[in-house]
Structure formats: C-alpha cells, structure tokens
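Accompanying notes for the structure given below.
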Number of protein chains: 2
Amino acid sequence: MEKRKKFMLPEADIPTQWYNITAEMENKPQPMLNPQTKEPMKAEDLFPLFAEELSRQEVNQTDAWIDIPEEVREKYKIYRPTPLVRATGLEKAIDTPAHIYFKNESVSPVGSHKLNSALPQAYYNKMDGTTNITTETGAGQWGTALAFAAKTFGLELAVYMVKISYEQKPYRRSLMQTWGAQVIASPSMSTKAGRQIITDHPNYQGSLGTAISEAIELAMQTPNCKYTLGSVLNHVALHQTIIGLEAEKQMEMAGEYPDVVIGCFGGGSNFSGITFPFLRHNMQGEKNTRFVAAEPASCPKLTRGRFQYDFGDETGYTPLIPMFTLGHKFAPANIHAGGLRYHGAGSIVSQLLKDGLVEATAIKQLETFEAGVLFAQTEGIVPAPESTHAIAAAIREAKQAKEEGKSKVILFNLSGHGLIDMSAYDQYLAGDLTNHEVTDEEISNILAQN
Amino acid sequence: MEKRKKFMLPEADIPTQWYNITAEMENKPQPMLNPQTKEPMKAEDLFPLFAEELSRQEVNQTDAWIDIPEEVREKYKIYRPTPLVRATGLEKAIDTPAHIYFKNESVSPVGSHKLNSALPQAYYNKMDGTTNITTETGAGQWGTALAFAAKTFGLELAVYMVKISYEQKPYRRSLMQTWGAQVIASPSMSTKAGRQIITDHPNYQGSLGTAISEAIELAMQTPNCKYTLGSVLNHVALHQTIIGLEAEKQMEMAGEYPDVVIGCFGGGSNFSGITFPFLRHNMQGEKNTRFVAAEPASCPKLTRGRFQYDFGDETGYTPLIPMFTLGHKFAPANIHAGGLRYHGAGSIVSQLLKDGLVEATAIKQLETFEAGVLFAQTEGIVPAPESTHAIAAAIREAKQAKEEGKSKVILFNLSGHGLIDMSAYDQYLAGDLTNHEVTDEEISNILAQN
C-alpha cells in the first residue's frame, strides 16, 4: 500500500520574518512613478493611499528580511503552518515517475492564501489609527480574507466585488457579510469611476482593474480611510513569502528539493509567495530550479503582454507600475478563475520574467477544470478555479517527466479550495464551459491602443 | 496580547483502534429486532444490507477496542489528526471565565466529521467485493464524505439527497458529482417508497427517514450493492470515536479536562464521537463530566420524544431500533440544519440518555445562527448550521459560568464548516429566518399515531 505523506511543522516554526526578494535582486524592479510628474514614488508619497508601514515595505529594496509583528504571527496561528503534501494519489493517477508536492493554503478559514497579507494589512492600518478600509475583490478570495482580518483588528471594510463574480459566487458575498463587511458589485453607481464605465459600457461585467478604481476613489473621499490591495504590489508579495519559507523547511523534511515550483498567476501574490524563497537559492548560485507562472489563456499578460509602465487600475488612479501588461483597459473574458482576470503583473515578477529568472505558461479553461476534477478525485480537495491552473501546469510537467522517463520533483501552491465555486464545476461537468483565448489580432489591437 | 492556543498531534498519534463503548456499558443497548419475527438481529441477519465487518461491528458488545485497518488509517492521514483549539476569541467576546475548547472536524476535505465513518464503510464494502453502494444524505455532509470515500476505494455510489437540501444546497450536490457520485432528490419516483410518499404528500420536501427508505430499496434491488448509513447505527458511532480519542490526548496537552462535552445531535454520530471516549472515564468512576447533546427545537427527539422500538426510516425497511423517537413518520420543519432533521436517536445514545449518563437540550434556529455568526467573527471559521447548535450550547454553558462566577472547561465538537451553507447565513443576516418549535399538541398527536 502506498503511504500518504503530509509534512507538518510545529507552530514554533511559523517564520518570524518575511523575505524581501528585491534586496537581493541584481536588477531591481524599476520604481513606481507619479503619473503627473513621472517622478519615482517614495514611501511618503504612498501614505495617503496605504498604511505607513505598508508604504515603506512597498519601496524597501534594501532589507532582505522584515520582521512579522507578533500580533500578526499570533493570528497566523489560526491556520499556519499549513501542510505540505506529497500528492501520491495524483502521481498514481497519471502514472508519473515525478514526485508532486503541494503546499496546502486552502486550509485557511477563508479558504485561500489571501489571509497571509490581509492580516498584516489590517494590522498596520489599525496601528496607524485608520478606522475604515476599502478594497476590491475578483473571485472573492481576497475580499473574504480581508473581511475576516478587518473584523479581527476592529476595522470597517467596504469591498468592491467584480460584478461577474458577485453574480457567479453569491456565497463569497455572504461570507464577507457574515464577517461584517459591506459588499458592492463593481462597476457600481457609487463612484465616478464606476458611473463612467457603466455609461460607456452598460453591460460591462466588471474587472479587477475597475473595482480597484472604485475602491481607491472611495478611500480618497472617506475620512480616516485607507485603501488595500490583495495582489500585484510588492508588500503583498512580501507577506506571501511565508508560504515558500514554510515550504522550504517542509521540503527539507521530505528530503527533496524542487526542480520546478509552480503557482497560478493573477497579479502575482501566491506565485511570489511560493517561489521567492526558493528563487533566492537560484540567485545565490546554489540551485537551478525552474519557476513557472500558470496564467489563463484568456488573460495572458505574462506570455503575450508587453513590459511597460501602466496603471494598476482601469481608470488610472494608481501610480504607474512597471509591469507585463495587456493594457489597463483590457477586459478579460468571463472565465471562472475570477482571481486571475487582471491585466497586469506585479513589478517584481515582471522584472524577474524580463530577466529570465522565472517563466510563464498560458492554460485554457477546460484543461484547468479537467485537472481540478482529477485532483479532487485523487487528493480529496476540490481546488479553486484559480488553483487549477497550477495543478494543470504541474500535471504537464509530470507527464513530460513520464515521457522523458526522468524523475523530477514538482512543487505547486494550492492557493485555495473551490467549495464556494461549485457552480463552475457544475457547468464543467454539464459540458457548458468553453475555452476563451485571446486572438493575436485582439492582442495587437489592445496593445496598440495602450 | 492574548495568545492563540491550538493543539496539534503528530500523525503517529492517529488512534490505531476505535472505542466500542457498548462493551463497557453496564446497561447494554437493547438489540435491534427483526420487524417480522421480533427476534434480535444477529450479524448474519444484517449481511444482506451492510458489509459483513460492519454488521459484526454493529452487534459487537464485547470488544471495547476495534482495530482500525491500516488502509483506512492511511486515508485518515489526509486530514487527521484534526486540531483542538482553545477558542480565546469567543471567550473574550462573551467575557466568560470558562475555557472553551473545540475539536475542529471542519478541516476534513469534505468539510465535516462524516469522512471518519465514510472511509471505513467504503473500505469494508470494497473488501467484501461489493461494487455499488447507496446512501441517503440530509444536508449533504454525509453524501459528500461518502462520495469521496467511494471514489477513493473504487466503488460506485448513488445518493438520495433530502429534497429541501437538494434545493437549498446545490453546491453539495455539485461536490458529490465532482467526486463521481449519482445524486437523486428524495422523495423520488425511482423507488416504490418514494412514489408512495409523493402520492400521499405531493409537496413533501423530504426527510432523512424517507431518503433512507429509498436508498435501502435501491440497494436491495441492485446486484452486488449494499446500503450505508452516516449516523444512528452503532458502527457509525464506533468509527466516530476517533474524534474523542484524539481530543482526549489534546486536552492532556492543554493540561485540562472537560467539565462538559457538547455535540450537536441529529442521529448521534458526532455527539457519540466526541463524548464516548470521555464518558468512559465517568463509567470507570474516574471523572464526573457532563455530556450535552444539542438538538434543534424543531426536531426534539431527545428532549421530547419517547423511548421505544421504532423504524430507522420512514417506510419501515430497517430493523426495529430501540431509540428516543418522535415516530418514524415525523416530518420535521425545513430548518437549515438539514443534518439534524431526523426523527430518532441511535440506540447507544438512547440507552445512555435513559440511564442519565448523558443529557440533552433543544435550541431554536435563531439562537444557533446568532452563535454561528459570533463564532465566525471571533474564531474565523463559519460553522455548519448543524454545528452552530453545539456552539450555542457551549455559549449557554459559558454564560452560566460567568453568572455563577465559576471557572469551567467546556469542550465542543465543531462537526463541520458552513461554507456551502452560506445561503442560510444570507437569510439569517437578512432577517428572513424564523424559529420552528413543535407544539405540545403536535408532539402528542405524533406520538399517539406511532
């Protein structure tokens, strides 16, 4: 009989510091720019938008290790350390010589890795004396995480939820409301940005870019209110490194080191989290691991976008960010992996991709759901539609290992479970889902407009 | 700052044996009877219905410890040992001197404790050479667990799902289908029992009792097919004792022993699981712990039912079981805790209640949801509507401790999470939920008919 392998760390092994990869990158990410002056943004320039410590973390390119506040680390204990699992059931089903490991971030009470950054963001805002925060959410994973984090630290929260997700995922809305947050479908009539896009495109189903614009606008117009973001930004990637730091210790327990590390890719939060701590050893010349970002073929900024300065939101309220992007006006197809429907990539990952330190692959929707169902049936966990991209990429790697008759150690991040996305599985099982892929012509047109 | 307390056991501490309380009970539960002959059922008499080893476990009143097959124990490692958590957030919110602990069974990939019995039931059926199994499910917790267990051990599964749950909880249906099970809303036209009740009561929304009848009928009429049940029976209670056995070790780690142990109550599976290992020490005269079964006021078999022989299902296909019951024709109100909508109690718990070794309390729906939201906001986990009954009972105990100015150690079983029950929370938050309580007149009428 095949033995299950699950590697658990004691609570004492929850990291005490996050890893700031920018301090050790040879080519640093270019700075964010003020859209008016085109000057690099300093921490102080970000204070109106973000908590002060988060602003400092955002531009910190010198300290490789940042202390995790004890209050945050205590809250991490609700669900951390998360398990590392050898996916022996999946290995057997695809009959591969590869060893497949996954870091199981789905065990968080909100169902995903997003709580790793929601807790410190709520904490630092509370420390500043902020009373209200705003945010956007795509699939709802970030919004639910922040709803619980805001309740935990005693903040009021308003969430702009991408309209297509608001309709497809009513349970995520209920979840946010159960934790006490206000939830508004975006685009909405509550902001200038929302009214503008509804006027221009009355049936627009929303996007992360639009929801960000609305959340920023509300924060700017509300006293004692700050904005928070669940992906893309450097400080979010920083907080998420707790995933990879734990996984590093757990791979040691397993007595192996990954040949390839995989994360699904929306703005970059979970991909950064699982990869940066391992990438460190590549940069130090100790290892030669591959890092694969798995993005949807319907929103292929890494594989088919352009590296340039672009806005993080649809309206253009954010600083200019150096990123691989499809253009901030890009309206992605209504795929079920709502958390991956974002036009751009965070500046750190963009720089790493440009320098060839990480790679990317685009996967169509049906392949991801096929992978998700196989994973559910062999490992027991129904994965979030976002996470199925990482699973599909891992399966590709494992099948390649089989074809080549090679052993290979694959590690992917299971960023979240899909228990609240069952309507998507319903549609998949009924044969009602389709693939969405942007054509070359569309890509050219989009990038030309930008 | 208040420290979180979570007690984790290593995998090696997953119990190797289940605890069979009947071997140590002074007054043994009365036997199940053949409804025709009124003779006690022997193991062989149950073979047509259940796997042989399960049938033997069902009537075993001599062996206090039953070995867990290694194949089952390996699968337990997917999610076991589950955490024991000191609910410091909840304690603080109700400002109680009591210490509240909960055993977190919601971390199983199917979201509840039901997998503890689903895995051995699927395993023993597979060992018998059975190819197909049937079952019923109320809220869907048992059906999802068995769907994954059946897929794990390579069995085909048909699930009769109580119609009201089928409609209220479409995601649980999708979940079962994702794991490869057939799901049929009950009452259905696919069985004689279903057709009968649809004819008599065209708008009947179903009950566990009816669904059991349908699942048994299908099993009896299908070659190489057996029936399985997720609660009520002795072998189910046996498997669930893994909860309490782990909790016992974890309470030792915490350096405390419970004054009161609480579980919600439908047919008795999770209540038996958390309490029997602790009850053992009462029976041995070592401890004097209270054990509280929390049942819905709309289905109060323990607090207002009658102890007598009754059928386990609506139609009368099962053996006669000695139980506290509201009568097998009882049609409970459509409360959201679908898993608690069952007319009777397992024979072991019924005997223990009769002998005063355990107690019971009935709780109305609104109090349970209030407790559930408070728990979600303070501990992060949105509880299943069933589990909120245990939380509400724990809060009552904690408030009483406060009034009396006494310290008290409370342990309850968090049998499952409510992520797939968010529509119920939606209704609660919107003020659309009501209390359902059976009147004395209704109870008298029901019992008179029986």
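Just remember, in the structure tokens the first chain shown is A, the second B, etc., residues are 1-based per chain, and ligands are 1-based in the order shown.
With only C-alpha atoms taken into account, the protein and nucleic acid residues at most 9 Å from B:Met283 (excluding it and anything under 5 positions from it in its own chain) are Glu24, Met25, Glu26, Asn288 and Leu357 of chain B.
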- Every residue of stretch 48-293 of chain A that DSSP places in helix (DSSP H, G or I), as JSON, numbers by chain: {"A": [52, 53, 54, 55, 56, 57, 58, 59, 70, 71, 72, 73, 74, 75, 76, 88, 89, 90, 91, 92, 93, 105, 106, 107, 115, 116, 117, 118, 119, 120, 121, 122, 123, 124, 125, 126, 127, 141, 142, 143, 144, 145, 146, 147, 148, 149, 150, 151, 152, 153, 163, 164, 165, 166, 167, 168, 170, 171, 172, 173, 174, 175, 176, 177, 178, 192, 193, 194, 195, 196, 197, 198, 199, 200, 208, 209, 210, 211, 212, 213, 214, 215, 216, 217, 218, 219, 220, 221, 234, 235, 236, 237, 238, 239, 240, 241, 242, 243, 244, 245, 246, 247, 248, 249, 250, 251, 252, 253, 254, 269, 270, 271, 272, 273, 274, 275, 276, 277, 278, 279, 280, 281, 282, 283]}
Residues of chain B within 6 Å of chain A: nearest atom pair and distance (Å, one decimal) for each, counting only C-alpha atoms, sorted by chain and number, as a tab-separated table?
```
residue	atom	partner	partner_atom	distance
B:Pro109	CA	A:Ile381	CA	5.2
B:Tyr171	CA	A:Met422	CA	5.3
B:Ser174	CA	A:Asp426	CA	5.7
B:Trp179	CA	A:Gln377	CA	5.5
B:Gln377	CA	A:Trp179	CA	5.4
B:Gly380	CA	A:Pro109	CA	5.8
B:Ile381	CA	A:Pro109	CA	5.2
B:Met422	CA	A:Tyr171	CA	5.3
B:Asp426	CA	A:Ser174	CA	5.7
```
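Interatomic distance, atom CA of B:Ala392 against atom CA of B:Asn445: 29.3 Å.
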- Within 6 Å of B:Tyr342, counting only C-alpha atoms, which residues qualify if same-chain residues fewer than 2 places away don't, as a PyMOL selection string? chain B and resi 208+266+340+344
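Going from atom CA of A:Ala384 over to atom CA of B:Met161, you cover 24.7 Å.
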- Choose the residue, out of A:Ala371, A:Val159, A:Ala293, A:Ile21, that has the smallest atom-to-atom separation from A:Leu229; count only C-alpha atoms. A:Val159
- Item | Those in stretch 208-430 of chain B with strand (DSSP E or B) from DSSP, as a ChimeraX atom specification | /B:225-227,260-264,290-296,306-311,320-325,344,359-363,383,409-414,416-417
- Message: Env of A:Thr210: 7 Å cut, atoms = only C-alpha atoms, seq-sep filter 5 positions within chain, self excluded. Answer as number ranges by chain.
- Response: A: 187, 313-315
- Distance query A:Leu233 at most 7 Å, only C-alpha atoms, self and fewer than 3 positions along chain excluded, as a list in words: Val236, Ala237 and Gly346 of chain A
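Compared by their closest atoms to B:His99, and using only C-alpha atoms, the residues B:Arg86, B:Lys406, B:His113, B:Arg195 rank with B:Arg86 nearest.
Using only C-alpha atoms, the smallest distance between any of B:Leu33, B:Ile94, B:Ile446, B:Leu326 and B:Lys402 comes from B:Ile94.
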- Query: Of the residues A:Leu279, A:Thr82, A:Gly206, A:Gln221, which is the one nearest to A:Asn116, using only C-alpha atoms?
  - Reply: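 Using only C-alpha atoms, A:Asn116 sits closest to A:Thr82.
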- Message: When you look at B:Pro120 with a cut-off of 9 Å (counting only C-alpha atoms), what residues show up, excluding the ones that are within fewer than 5 positions of it in the same chain? I need them as a PyMOL selection string.
- Response: chain B and resi 54+68-69+71-73+115+125+149+239
